[in-house]
file target-v3.tsv (TSV, C-alpha atoms)
chain	number	residue	atom	x	y	z
A	469	MET	CA	0.00	0.00	0.00
A	470	ILE	CA	2.92	2.35	0.66
A	471	PHE	CA	4.39	1.83	-2.80
A	472	TYR	CA	0.95	2.26	-4.39
A	473	SER	CA	0.36	5.50	-2.50
A	474	LEU	CA	3.79	6.79	-3.50
A	475	HIS	CA	3.01	5.90	-7.09
A	476	ASN	CA	-0.26	7.85	-6.92
A	477	ILE	CA	1.41	10.87	-5.34
A	478	PHE	CA	4.50	11.13	-7.55
A	479	SER	CA	3.78	9.50	-10.91
A	480	GLU	CA	3.02	11.75	-13.85
A	481	ILE	CA	1.94	10.99	-17.38
A	482	PHE	CA	3.47	12.95	-20.27
A	483	GLY	CA	2.14	11.87	-23.64
A	484	GLU	CA	3.46	8.38	-24.28
A	485	ARG	CA	5.61	8.27	-21.12
A	486	ILE	CA	5.05	7.93	-17.40
A	487	LEU	CA	7.36	9.14	-14.64
A	488	VAL	CA	7.41	6.52	-11.86
A	489	PRO	CA	8.84	7.20	-8.38
A	490	ARG	CA	11.87	5.23	-7.28
A	491	ILE	CA	12.46	5.25	-3.51
A	492	ARG	CA	16.14	5.78	-2.81
A	493	ASN	CA	16.52	4.47	0.70
A	494	ILE	CA	15.14	1.36	2.40
A	495	SER	CA	15.73	2.92	5.82
A	496	TRP	CA	13.13	5.56	4.88
A	497	ILE	CA	10.64	2.73	4.30
A	498	TYR	CA	11.47	1.33	7.75
A	499	ARG	CA	10.94	4.75	9.34
A	500	ILE	CA	7.59	5.29	7.64
A	501	VAL	CA	6.29	1.83	8.52
A	502	SER	CA	7.42	2.25	12.14
A	503	ARG	CA	5.40	5.49	12.26
A	504	LEU	CA	2.37	4.10	10.42
A	505	LYS	CA	2.09	1.02	12.64
A	506	ASP	CA	0.81	3.14	15.53
A	507	HIS	CA	-1.66	5.18	13.47
A	508	ASP	CA	-5.24	4.81	14.75
A	509	ASN	CA	-6.76	3.84	11.39
A	510	LEU	CA	-4.01	1.31	10.64
A	511	THR	CA	-3.93	-0.74	13.82
A	512	GLY	CA	-2.72	-4.25	13.00
A	513	LEU	CA	-1.98	-3.50	9.35
A	514	TYR	CA	1.73	-2.88	9.92
A	515	ASP	CA	2.41	-5.22	12.84
A	516	TYR	CA	6.19	-5.21	12.57
A	517	SER	CA	8.58	-5.07	15.49
A	518	PHE	CA	11.61	-2.81	15.15
A	519	GLN	CA	15.08	-2.65	16.63
A	520	PHE	CA	17.33	0.41	16.62
A	521	ASP	CA	20.79	-1.18	16.59
A	522	PHE	CA	21.74	0.41	13.26
A	523	GLY	CA	20.80	4.01	14.10
A	524	PHE	CA	17.38	3.73	12.42
A	525	PRO	CA	14.36	1.50	12.95
A	526	TYR	CA	15.02	-1.91	11.37
A	527	SER	CA	12.64	-4.83	11.02
A	528	GLU	CA	13.94	-8.13	9.74
A	529	ARG	CA	10.42	-9.29	8.93
A	530	LEU	CA	9.69	-6.09	6.94
A	531	PHE	CA	12.95	-6.61	5.02
A	532	GLU	CA	11.88	-10.19	4.26
A	533	ASP	CA	8.42	-9.04	3.13
A	534	ILE	CA	9.98	-6.49	0.79
A	535	GLN	CA	12.27	-9.20	-0.60
A	536	VAL	CA	9.25	-11.44	-1.22
A	537	LEU	CA	7.63	-8.62	-3.23
A	538	VAL	CA	10.90	-8.25	-5.16
A	539	ALA	CA	11.07	-12.01	-5.84
A	540	MET	CA	7.44	-12.01	-7.01
A	541	GLY	CA	8.14	-9.16	-9.43
A	542	MET	CA	5.86	-6.68	-7.65
A	543	ILE	CA	8.71	-4.37	-6.65
A	544	TYR	CA	11.84	-3.67	-8.65
A	545	GLN	CA	15.01	-3.47	-6.53
A	546	ASP	CA	18.21	-1.94	-7.81
A	547	GLN	CA	21.55	-1.65	-6.04
A	548	ARG	CA	23.25	1.73	-6.52
A	549	ASN	CA	26.82	2.67	-5.67
A	550	TYR	CA	27.57	6.31	-4.96
A	551	GLU	CA	30.33	8.43	-3.52
A	552	PHE	CA	29.73	10.45	-0.37
A	553	GLU	CA	32.46	12.44	1.38
A	554	GLY	CA	35.19	10.44	-0.33
A	555	LYS	CA	33.69	7.02	0.49
A	556	TRP	CA	31.88	4.65	-1.82
A	557	LEU	CA	28.55	3.58	-0.39
A	558	GLN	CA	25.70	1.48	-1.67
A	559	ARG	CA	21.95	1.70	-1.35
A	560	TYR	CA	18.97	-0.19	-2.64
A	561	GLU	CA	16.28	1.60	-4.59
A	562	TYR	CA	12.71	0.37	-4.98
A	563	MET	CA	10.04	0.94	-7.58
A	564	LEU	CA	6.57	-0.50	-8.12
A	565	THR	CA	6.47	-2.65	-11.27
A	566	ALA	CA	3.52	-2.83	-13.68
A	567	GLU	CA	2.52	-6.16	-12.09
A	568	GLY	CA	2.88	-4.62	-8.65
A	569	LEU	CA	0.71	-1.69	-9.72
A	570	ASP	CA	-2.08	-4.03	-10.84
A	571	TYR	CA	-1.87	-6.09	-7.66
A	572	SER	CA	-1.65	-3.11	-5.31
A	573	LYS	CA	-4.64	-1.48	-7.01
A	574	THR	CA	-6.67	-4.57	-6.03
A	575	ILE	CA	-5.36	-4.48	-2.46
A	576	ALA	CA	-6.08	-0.76	-2.10
A	577	ALA	CA	-9.64	-1.31	-3.34
A	578	SER	CA	-10.13	-3.94	-0.61
A	579	TYR	CA	-8.68	-1.65	2.08
A	580	ILE	CA	-10.01	1.68	0.84
A	581	ASN	CA	-10.02	3.51	4.20
A	582	GLU	CA	-6.54	2.29	5.09
A	583	ALA	CA	-5.24	3.20	1.61
A	584	LYS	CA	-6.63	6.71	1.96
A	585	THR	CA	-5.03	7.04	5.40
A	586	VAL	CA	-1.62	5.92	4.09
A	587	GLN	CA	-1.82	8.26	1.10
A	588	SER	CA	-2.87	11.19	3.28
A	589	PHE	CA	-0.02	10.48	5.70
A	590	LEU	CA	2.52	10.27	2.86
A	591	LYS	CA	1.26	13.51	1.33
A	592	THR	CA	2.16	15.28	4.57
A	593	GLU	CA	5.64	13.70	4.35
A	594	ARG	CA	5.99	14.49	0.65
A	595	HIS	CA	9.00	16.80	0.99
A	596	THR	CA	11.00	14.35	3.13
A	597	ILE	CA	10.68	11.37	0.80
A	598	PRO	CA	13.99	10.43	-0.87
A	599	TYR	CA	13.00	9.51	-4.40
A	600	ASP	CA	13.91	9.90	-8.06
A	601	VAL	CA	11.69	9.31	-11.05
A	602	VAL	CA	12.14	6.86	-13.89
A	603	SER	CA	10.67	7.55	-17.32
A	604	LEU	CA	8.97	4.53	-18.89
A	605	LEU	CA	6.75	3.95	-21.90
A	606	LEU	CA	3.18	4.28	-20.68
A	607	LYS	CA	1.75	1.39	-22.72
A	608	ARG	CA	4.35	-0.99	-21.29
A	609	TYR	CA	3.90	0.17	-17.72
A	610	ILE	CA	0.15	0.45	-17.23
A	611	GLY	CA	-1.30	-0.73	-20.53
A	612	ARG	CA	-2.74	1.12	-23.50
A	613	ASP	CA	-6.29	1.64	-22.26
A	614	GLN	CA	-5.63	2.45	-18.60
A	615	GLU	CA	-5.07	5.81	-17.01
A	616	LYS	CA	-3.13	6.74	-13.92
A	617	PRO	CA	-4.67	4.70	-11.07
A	618	ALA	CA	-6.65	6.49	-8.40
A	619	TYR	CA	-8.67	5.52	-5.37
A	620	ALA	CA	-12.42	5.02	-5.75

call {"tool": "encode", "arguments": {"input": "target-v3.tsv", "output": "structure tokens"}}
result
Amino acid sequence: MIFYSLHNIFSEIFGERILVPRIRNISWIYRIVSRLKDHDNLTGLYDYSFQFDFGFPYSERLFEDIQVLVAMGMIYQDQRNYEFEGKWLQRYEYMLTAEGLDYSKTIAASYINEAKTVQSFLKTERHTIPYDVVSLLLKRYIGRDQEKPAYA
């Protein structure tokens, strides 16, 4: 639901192309889920436990769930190497795939109130979200006859 909401907030259609958000930092996902898990309208939806040994909230089970989505082709994961203050670092970036978009649209329709709550929460966090956009052909990403997905 988080990736679907981010897609709805940040994706843009330009003619034959769509700009799709690509989340640059998995630790941001951990932070957001740790904050969402205590939200009144989302009780039980994000039932992850977190530890803080790494300087940010970390959940092994959330990591495993993200990896399952990657293995199923719902989320695209890419490893990036970058230089920061003279050191080479790596990060993983995540993007909702076309298959993930179709599946998450179905999930969001089944949990409409929760999906709206997540999207509203993320809209308030909009300027703190570390993301880039990827330009893809629209007909390959969401199909020829579909438009940008939205909540009912």

call {"tool": "atom_distance", "arguments": {"input": "target-v3.tsv", "atom1": "CA of Ser527 (chain A)", "atom2": "CA of Asn493 (chain A)"}}
result
14.4 Å

call {"tool": "residues_around", "arguments": {"input": "target-v3.tsv", "residues": "Leu590 (chain A)", "least_positions_apart": "6", "cutoff": "9 Å", "atoms": "all atoms listed in the file", "output": "VMD selection string"}}
result
chain A and resid 470 473 to 474 477 500 597

call {"tool": "residues_around", "arguments": {"input": "target-v3.tsv", "residues": "Arg559 (chain A)", "least_positions_apart": "6", "cutoff": "10 Å", "atoms": "only C-alpha atoms", "output": "VMD selection string"}}
result
chain A and resid 492 to 495 546 to 550

call {"tool": "closest_residue", "arguments": {"input": "target-v3.tsv", "among": "A:Phe589, A:Arg490, A:Met542, A:Gly512", "to": "Leu569 (chain A)", "atoms": "all atoms listed in the file"}}
result
A:Met542

call {"tool": "residues_near_point", "arguments": {"input": "target-v3.tsv", "point": "(14.3, 9.1, -2.0)", "cutoff": "10 Å", "atoms": "all atoms listed in the file", "output": "number ranges by chain"}}
result
A: 489-494, 496-497, 561-562, 595-601

call {"tool": "closest_residue", "arguments": {"input": "target-v3.tsv", "among": "A:Gly554, A:Gly523, A:Gly568, A:Gly483", "to": "Gly541 (chain A)", "atoms": "all atoms listed in the file"}}
result
A:Gly568

call {"tool": "closest_residue", "arguments": {"input": "target-v3.tsv", "among": "A:Gln519, A:Asn509, A:Thr565, A:Asn581", "to": "Leu604 (chain A)", "atoms": "only C-alpha atoms"}}
result
A:Thr565

call {"tool": "residues_near_point", "arguments": {"input": "target-v3.tsv", "point": "(-4.0, -1.8, -2.1)", "cutoff": "9 Å", "atoms": "all atoms listed in the file", "output": "list in words"}}
result
Met469, Ile470, Tyr472, Ser473, Leu569, Tyr571, Ser572, Lys573, Thr574, Ile575, Ala576, Ala577, Ser578, Tyr579, Ile580, Glu582 and Ala583 of chain A

call {"tool": "write_last_selection", "arguments": {"input": "target-v3.tsv", "atoms": "C-alpha atoms", "output": "compact mmCIF listing (two decimals), keeping the file's coordinate frame"}}
result
# COMPACT_ATOMS: atom_id res chain seq x y z
CA MET A 469 0.00 0.00 0.00
CA ILE A 470 2.92 2.35 0.66
CA TYR A 472 0.95 2.26 -4.39
CA SER A 473 0.36 5.50 -2.50
CA LEU A 569 0.71 -1.69 -9.72
CA TYR A 571 -1.87 -6.09 -7.66
CA SER A 572 -1.65 -3.11 -5.31
CA LYS A 573 -4.64 -1.48 -7.01
CA THR A 574 -6.67 -4.57 -6.03
CA ILE A 575 -5.36 -4.48 -2.46
CA ALA A 576 -6.08 -0.76 -2.10
CA ALA A 577 -9.64 -1.31 -3.34
CA SER A 578 -10.13 -3.94 -0.61
CA TYR A 579 -8.68 -1.65 2.08
CA ILE A 580 -10.01 1.68 0.84
CA GLU A 582 -6.54 2.29 5.09
CA ALA A 583 -5.24 3.20 1.61

call {"tool": "atom_distance", "arguments": {"input": "target-v3.tsv", "atom1": "CA of Phe482 (chain A)", "atom2": "CA of Met540 (chain A)"}}
result
28.5 Å

call {"tool": "closest_residue", "arguments": {"input": "target-v3.tsv", "among": "A:Tyr544, A:Arg503, A:Ile481, A:Leu530", "to": "Tyr516 (chain A)", "atoms": "all atoms listed in the file"}}
result
A:Leu530

call {"tool": "closest_residue", "arguments": {"input": "target-v3.tsv", "among": "A:Leu564, A:Val536, A:Ile610, A:Leu605", "to": "Phe478 (chain A)", "atoms": "only C-alpha atoms"}}
result
A:Leu564

call {"tool": "atom_distance", "arguments": {"input": "target-v3.tsv", "atom1": "CA of Ser502 (chain A)", "atom2": "CA of Glu551 (chain A)"}}
result
28.4 Å

call {"tool": "closest_residue", "arguments": {"input": "target-v3.tsv", "among": "A:Met563, A:Ile534, A:Val586, A:Leu487", "to": "Leu504 (chain A)", "atoms": "only C-alpha atoms"}}
result
A:Val586

call {"tool": "decode", "arguments": {"input": "target-v3.tsv", "residues": "region 510-539 of chain A", "atoms": "N, CA and C atoms", "output": "short mmCIF file (atom, residue, chain, number, x, y, z; two decimals), in the first residue's frame"}}
result
data_model
loop_
_atom_site.label_atom_id
_atom_site.label_comp_id
_atom_site.auth_asym_id
_atom_site.auth_seq_id
_atom_site.Cartn_x
_atom_site.Cartn_y
_atom_site.Cartn_z
N LEU A 510 -4.82 2.39 11.23
CA LEU A 510 -4.01 1.31 10.64
C LEU A 510 -3.60 0.25 11.65
N THR A 511 -4.27 0.20 12.77
CA THR A 511 -3.93 -0.74 13.82
C THR A 511 -3.96 -2.17 13.28
N GLY A 512 -2.84 -2.87 13.44
CA GLY A 512 -2.72 -4.25 13.00
C GLY A 512 -2.29 -4.42 11.56
N LEU A 513 -2.36 -3.37 10.75
CA LEU A 513 -1.98 -3.50 9.35
C LEU A 513 -0.46 -3.62 9.18
N TYR A 514 0.27 -2.84 9.95
CA TYR A 514 1.73 -2.88 9.92
C TYR A 514 2.22 -3.38 11.27
N ASP A 515 2.08 -4.65 11.53
CA ASP A 515 2.41 -5.22 12.84
C ASP A 515 3.86 -5.72 12.91
N TYR A 516 4.77 -4.87 12.55
CA TYR A 516 6.19 -5.21 12.57
C TYR A 516 6.82 -4.75 13.88
N SER A 517 7.79 -5.52 14.35
CA SER A 517 8.58 -5.07 15.49
C SER A 517 9.90 -4.52 14.95
N PHE A 518 10.41 -3.49 15.62
CA PHE A 518 11.61 -2.81 15.15
C PHE A 518 12.68 -2.81 16.22
N GLN A 519 13.92 -2.84 15.76
CA GLN A 519 15.08 -2.65 16.63
C GLN A 519 15.83 -1.41 16.13
N PHE A 520 16.65 -0.83 16.97
CA PHE A 520 17.33 0.41 16.62
C PHE A 520 18.85 0.28 16.69
N ASP A 521 19.36 -0.92 16.50
CA ASP A 521 20.79 -1.18 16.59
C ASP A 521 21.62 -0.49 15.51
N PHE A 522 21.01 -0.16 14.40
CA PHE A 522 21.74 0.41 13.26
C PHE A 522 21.61 1.92 13.15
N GLY A 523 20.98 2.56 14.14
CA GLY A 523 20.80 4.01 14.10
C GLY A 523 19.51 4.43 13.42
N PHE A 524 18.70 3.47 13.00
CA PHE A 524 17.38 3.73 12.42
C PHE A 524 16.52 2.51 12.74
N PRO A 525 15.20 2.67 12.68
CA PRO A 525 14.36 1.50 12.95
C PRO A 525 14.58 0.44 11.88
N TYR A 526 14.80 -0.80 12.30
CA TYR A 526 15.02 -1.91 11.37
C TYR A 526 14.12 -3.07 11.78
N SER A 527 13.47 -3.66 10.79
CA SER A 527 12.64 -4.83 11.02
C SER A 527 13.06 -5.92 10.05
N GLU A 528 13.53 -7.02 10.59
CA GLU A 528 13.94 -8.13 9.74
C GLU A 528 12.75 -8.69 8.95
N ARG A 529 11.60 -8.77 9.61
CA ARG A 529 10.42 -9.29 8.93
C ARG A 529 9.96 -8.36 7.81
N LEU A 530 10.03 -7.04 8.01
CA LEU A 530 9.69 -6.09 6.94
C LEU A 530 10.67 -6.24 5.78
N PHE A 531 11.96 -6.39 6.08
CA PHE A 531 12.95 -6.61 5.02
C PHE A 531 12.59 -7.87 4.23
N GLU A 532 12.25 -8.94 4.94
CA GLU A 532 11.88 -10.19 4.26
C GLU A 532 10.63 -10.02 3.41
N ASP A 533 9.64 -9.27 3.91
CA ASP A 533 8.42 -9.04 3.13
C ASP A 533 8.71 -8.23 1.86
N ILE A 534 9.59 -7.26 1.97
CA ILE A 534 9.98 -6.49 0.79
C ILE A 534 10.69 -7.40 -0.21
N GLN A 535 11.56 -8.28 0.28
CA GLN A 535 12.27 -9.20 -0.60
C GLN A 535 11.32 -10.19 -1.28
N VAL A 536 10.26 -10.58 -0.60
CA VAL A 536 9.25 -11.44 -1.22
C VAL A 536 8.57 -10.70 -2.37
N LEU A 537 8.24 -9.43 -2.16
CA LEU A 537 7.63 -8.62 -3.23
C LEU A 537 8.60 -8.47 -4.40
N VAL A 538 9.88 -8.33 -4.11
CA VAL A 538 10.90 -8.25 -5.16
C VAL A 538 10.94 -9.58 -5.93
N ALA A 539 10.99 -10.69 -5.21
CA ALA A 539 11.07 -12.01 -5.84
C ALA A 539 9.83 -12.31 -6.68
#
